[in-house]
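Dumped query25.pdb below, it's PDB, C-alpha atoms:
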ATOM      1  CA  MET A   1       0.000   0.000   0.000
ATOM      2  CA  ARG A   2       2.812   2.394   0.899
ATOM      3  CA  LYS A   3       4.415   1.742  -2.480
ATOM      4  CA  TYR A   4       1.266   2.921  -4.297
ATOM      5  CA  VAL A   5       1.046   6.063  -2.192
ATOM      6  CA  LEU A   6       4.672   6.907  -2.952
ATOM      7  CA  LEU A   7       4.147   6.173  -6.639
ATOM      8  CA  GLY A   8       1.055   8.404  -6.723
ATOM      9  CA  LEU A   9       2.926  11.185  -4.945
ATOM     10  CA  ALA A  10       5.867  10.886  -7.361
ATOM     11  CA  VAL A  11       3.547  11.092 -10.384
ATOM     12  CA  PHE A  12       1.814  14.131  -8.872
ATOM     13  CA  VAL A  13       5.110  15.953  -8.224
ATOM     14  CA  VAL A  14       6.648  15.124 -11.604
ATOM     15  CA  SER A  15       3.572  16.013 -13.668
ATOM     16  CA  GLY A  16       3.605  19.696 -12.642
ATOM     17  CA  CYS A  17       2.002  22.429 -14.654
ATOM     18  CA  SER A  18       3.621  23.720 -17.794
ATOM     19  CA  ILE A  19       1.671  26.379 -19.638
ATOM     20  CA  THR A  20       3.118  27.859 -22.785
ATOM     21  CA  GLN A  21       1.855  31.053 -24.332
ATOM     22  CA  THR A  22       2.786  32.838 -27.534
ATOM     23  CA  VAL A  23       2.238  36.592 -27.720
ATOM     24  CA  ASN A  24       2.654  38.542 -30.923
ATOM     25  CA  PRO A  25       3.362  42.264 -30.424
ATOM     26  CA  VAL A  26       1.031  44.708 -32.105
ATOM     27  CA  GLY A  27       3.767  46.955 -33.441
ATOM     28  CA  ASN A  28       3.500  50.688 -34.042
ATOM     29  CA  LEU A  29       0.002  52.093 -34.067
ATOM     30  CA  ALA A  30      -1.120  55.276 -35.745
ATOM     31  CA  THR A  31      -2.622  56.604 -32.515
ATOM     32  CA  SER A  32      -1.118  57.511 -29.172
ATOM     33  CA  GLU A  33      -4.353  57.043 -27.247
ATOM     34  CA  VAL A  34      -5.177  53.935 -25.217
ATOM     35  CA  CYS A  35      -8.455  53.044 -23.477
ATOM     36  CA  ILE A  36      -8.315  50.494 -20.660
ATOM     37  CA  ILE A  37     -11.421  48.884 -19.200
ATOM     38  CA  GLU A  38     -11.098  48.159 -15.489
ATOM     39  CA  SER A  39     -11.899  44.627 -14.382
ATOM     40  CA  PRO A  40     -12.137  43.334 -10.821
ATOM     41  CA  GLN A  41     -10.848  39.973 -12.102
ATOM     42  CA  VAL A  42      -7.406  41.421 -12.900
ATOM     43  CA  ARG A  43      -4.641  41.317 -10.289
ATOM     44  CA  GLU A  44      -4.196  44.347  -8.083
ATOM     45  CA  GLY A  45      -1.418  46.576  -9.385
ATOM     46  CA  PHE A  46      -1.729  45.454 -13.006
ATOM     47  CA  LEU A  47      -3.843  48.450 -14.043
ATOM     48  CA  LEU A  48      -1.343  50.889 -12.541
ATOM     49  CA  GLU A  49       1.588  49.161 -14.265
ATOM     50  CA  LEU A  50      -0.256  49.024 -17.598
ATOM     51  CA  LYS A  51      -0.969  52.755 -17.362
ATOM     52  CA  ASN A  52       2.659  53.492 -16.492
ATOM     53  CA  VAL A  53       4.006  51.490 -19.429
ATOM     54  CA  HIS A  54       1.782  53.306 -21.914
ATOM     55  CA  GLN A  55       2.508  56.711 -20.393
ATOM     56  CA  THR A  56       6.267  56.135 -20.685
ATOM     57  CA  LYS A  57       5.636  55.639 -24.407
ATOM     58  CA  ASN A  58       3.882  59.034 -24.499
ATOM     59  CA  ALA A  59       0.412  57.553 -24.937
ATOM     60  CA  GLN A  60      -2.659  59.252 -23.553
ATOM     61  CA  VAL A  61      -4.367  56.702 -21.264
ATOM     62  CA  HIS A  62      -8.095  56.631 -20.476
ATOM     63  CA  VAL A  63      -9.342  54.238 -17.800
ATOM     64  CA  LEU A  64     -12.967  53.260 -18.196
ATOM     65  CA  GLY A  65     -15.124  51.602 -15.550
ATOM     66  CA  SER A  66     -16.075  47.945 -15.798
ATOM     67  CA  ASP A  67     -19.604  48.938 -16.865
ATOM     68  CA  ALA A  68     -18.186  50.343 -20.137
ATOM     69  CA  THR A  69     -18.556  46.935 -21.818
ATOM     70  CA  THR A  70     -22.362  47.009 -21.670
TER      71      THR A  70
END

Full structure transcribed into structure tokens:
Amino acid sequence: MRKYVLLGLAVFVVSGCSITQTVNPVGNLATSEVCIIESPQVREGFLLELKNVHQTKNAQVHVLGSDATT
């Protein structure tokens, strides 16, 4: 019985989680204006960092409330 528990534990540890993601950059846009829709599902601090990144690239950033999608 102990052997099966150890085997199950080993399989669980070795399997892990490996997510791969490919992101293609948008490139240069003709506008320097960005609208961001707030979402409570996004991690705290992400909105602030997203705004900062766009502002360092001299983009005008508008943050819209989550009700803007309706």

*asked:* Running the PyMOL selection byres ((chain A and resi 61) around 8) on this model by hand, what would come out? Give it as number ranges by chain.
replied: A: 33-36, 51, 54-55, 59-60, 62-63

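The two atoms in question, atom CA of Lys57 of chain A and atom CA of Thr31 of chain A, are spaced 11.6 Å apart.
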
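The space separating atom CA of Glu44 of chain A from atom CA of Thr56 of chain A comes to 20.2 Å.
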
_For Glu38 of chain A, the nearest of the candidates A:Leu9, A:Met1, A:Val26, A:Leu50, counting all atoms listed in the file_ = A:Leu50

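Atom CA of Val42 of chain A is positioned 19.8 Å from atom CA of Thr22 of chain A.
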
Missing atoms in segment 35-56 of chain A: fill them in up to N, CA and C atoms and send the result as a JSON list (two decimals), in the frame of the given file.
[["chain", "number", "residue", "atom", "x", "y", "z"],
["A", 35, "CYS", "N", -7.35, 53.16, -24.43],
["A", 35, "CYS", "CA", -8.46, 53.04, -23.48],
["A", 35, "CYS", "C", -8.34, 51.69, -22.78],
["A", 36, "ILE", "N", -8.42, 51.71, -21.46],
["A", 36, "ILE", "CA", -8.32, 50.49, -20.66],
["A", 36, "ILE", "C", -9.61, 50.33, -19.88],
["A", 37, "ILE", "N", -10.21, 49.16, -19.95],
["A", 37, "ILE", "CA", -11.42, 48.88, -19.20],
["A", 37, "ILE", "C", -11.04, 48.17, -17.91],
["A", 38, "GLU", "N", -11.40, 48.75, -16.79],
["A", 38, "GLU", "CA", -11.10, 48.16, -15.49],
["A", 38, "GLU", "C", -11.87, 46.86, -15.32],
["A", 39, "SER", "N", -11.24, 45.89, -14.67],
["A", 39, "SER", "CA", -11.90, 44.63, -14.38],
["A", 39, "SER", "C", -11.50, 44.17, -12.99],
["A", 40, "PRO", "N", -12.47, 43.82, -12.16],
["A", 40, "PRO", "CA", -12.14, 43.33, -10.82],
["A", 40, "PRO", "C", -11.45, 41.96, -10.85],
["A", 41, "GLN", "N", -11.46, 41.29, -11.99],
["A", 41, "GLN", "CA", -10.85, 39.97, -12.10],
["A", 41, "GLN", "C", -9.34, 40.04, -12.35],
["A", 42, "VAL", "N", -8.82, 41.25, -12.61],
["A", 42, "VAL", "CA", -7.41, 41.42, -12.90],
["A", 42, "VAL", "C", -6.66, 41.68, -11.60],
["A", 43, "ARG", "N", -5.45, 41.15, -11.50],
["A", 43, "ARG", "CA", -4.64, 41.32, -10.29],
["A", 43, "ARG", "C", -4.45, 42.77, -9.90],
["A", 44, "GLU", "N", -4.43, 43.01, -8.61],
["A", 44, "GLU", "CA", -4.20, 44.35, -8.08],
["A", 44, "GLU", "C", -2.80, 44.82, -8.51],
["A", 45, "GLY", "N", -2.70, 46.03, -8.95],
["A", 45, "GLY", "CA", -1.42, 46.58, -9.38],
["A", 45, "GLY", "C", -1.20, 46.49, -10.89],
["A", 46, "PHE", "N", -1.92, 45.61, -11.57],
["A", 46, "PHE", "CA", -1.73, 45.45, -13.01],
["A", 46, "PHE", "C", -2.18, 46.70, -13.76],
["A", 47, "LEU", "N", -3.33, 47.26, -13.37],
["A", 47, "LEU", "CA", -3.84, 48.45, -14.04],
["A", 47, "LEU", "C", -2.85, 49.60, -13.93],
["A", 48, "LEU", "N", -2.32, 49.81, -12.75],
["A", 48, "LEU", "CA", -1.34, 50.89, -12.54],
["A", 48, "LEU", "C", -0.10, 50.68, -13.41],
["A", 49, "GLU", "N", 0.40, 49.45, -13.46],
["A", 49, "GLU", "CA", 1.59, 49.16, -14.26],
["A", 49, "GLU", "C", 1.30, 49.32, -15.76],
["A", 50, "LEU", "N", 0.12, 48.89, -16.19],
["A", 50, "LEU", "CA", -0.26, 49.02, -17.60],
["A", 50, "LEU", "C", -0.33, 50.50, -17.99],
["A", 51, "LYS", "N", -0.92, 51.31, -17.11],
["A", 51, "LYS", "CA", -0.97, 52.76, -17.36],
["A", 51, "LYS", "C", 0.44, 53.33, -17.45],
["A", 52, "ASN", "N", 1.30, 52.97, -16.51],
["A", 52, "ASN", "CA", 2.66, 53.49, -16.49],
["A", 52, "ASN", "C", 3.44, 53.14, -17.76],
["A", 53, "VAL", "N", 3.29, 51.92, -18.22],
["A", 53, "VAL", "CA", 4.01, 51.49, -19.43],
["A", 53, "VAL", "C", 3.57, 52.32, -20.63],
["A", 54, "HIS", "N", 2.27, 52.53, -20.77],
["A", 54, "HIS", "CA", 1.78, 53.31, -21.91],
["A", 54, "HIS", "C", 2.16, 54.77, -21.79],
["A", 55, "GLN", "N", 2.15, 55.31, -20.58],
["A", 55, "GLN", "CA", 2.51, 56.71, -20.39],
["A", 55, "GLN", "C", 3.99, 56.95, -20.66],
["A", 56, "THR", "N", 4.85, 55.97, -20.37],
["A", 56, "THR", "CA", 6.27, 56.14, -20.68],
["A", 56, "THR", "C", 6.51, 56.14, -22.19]]
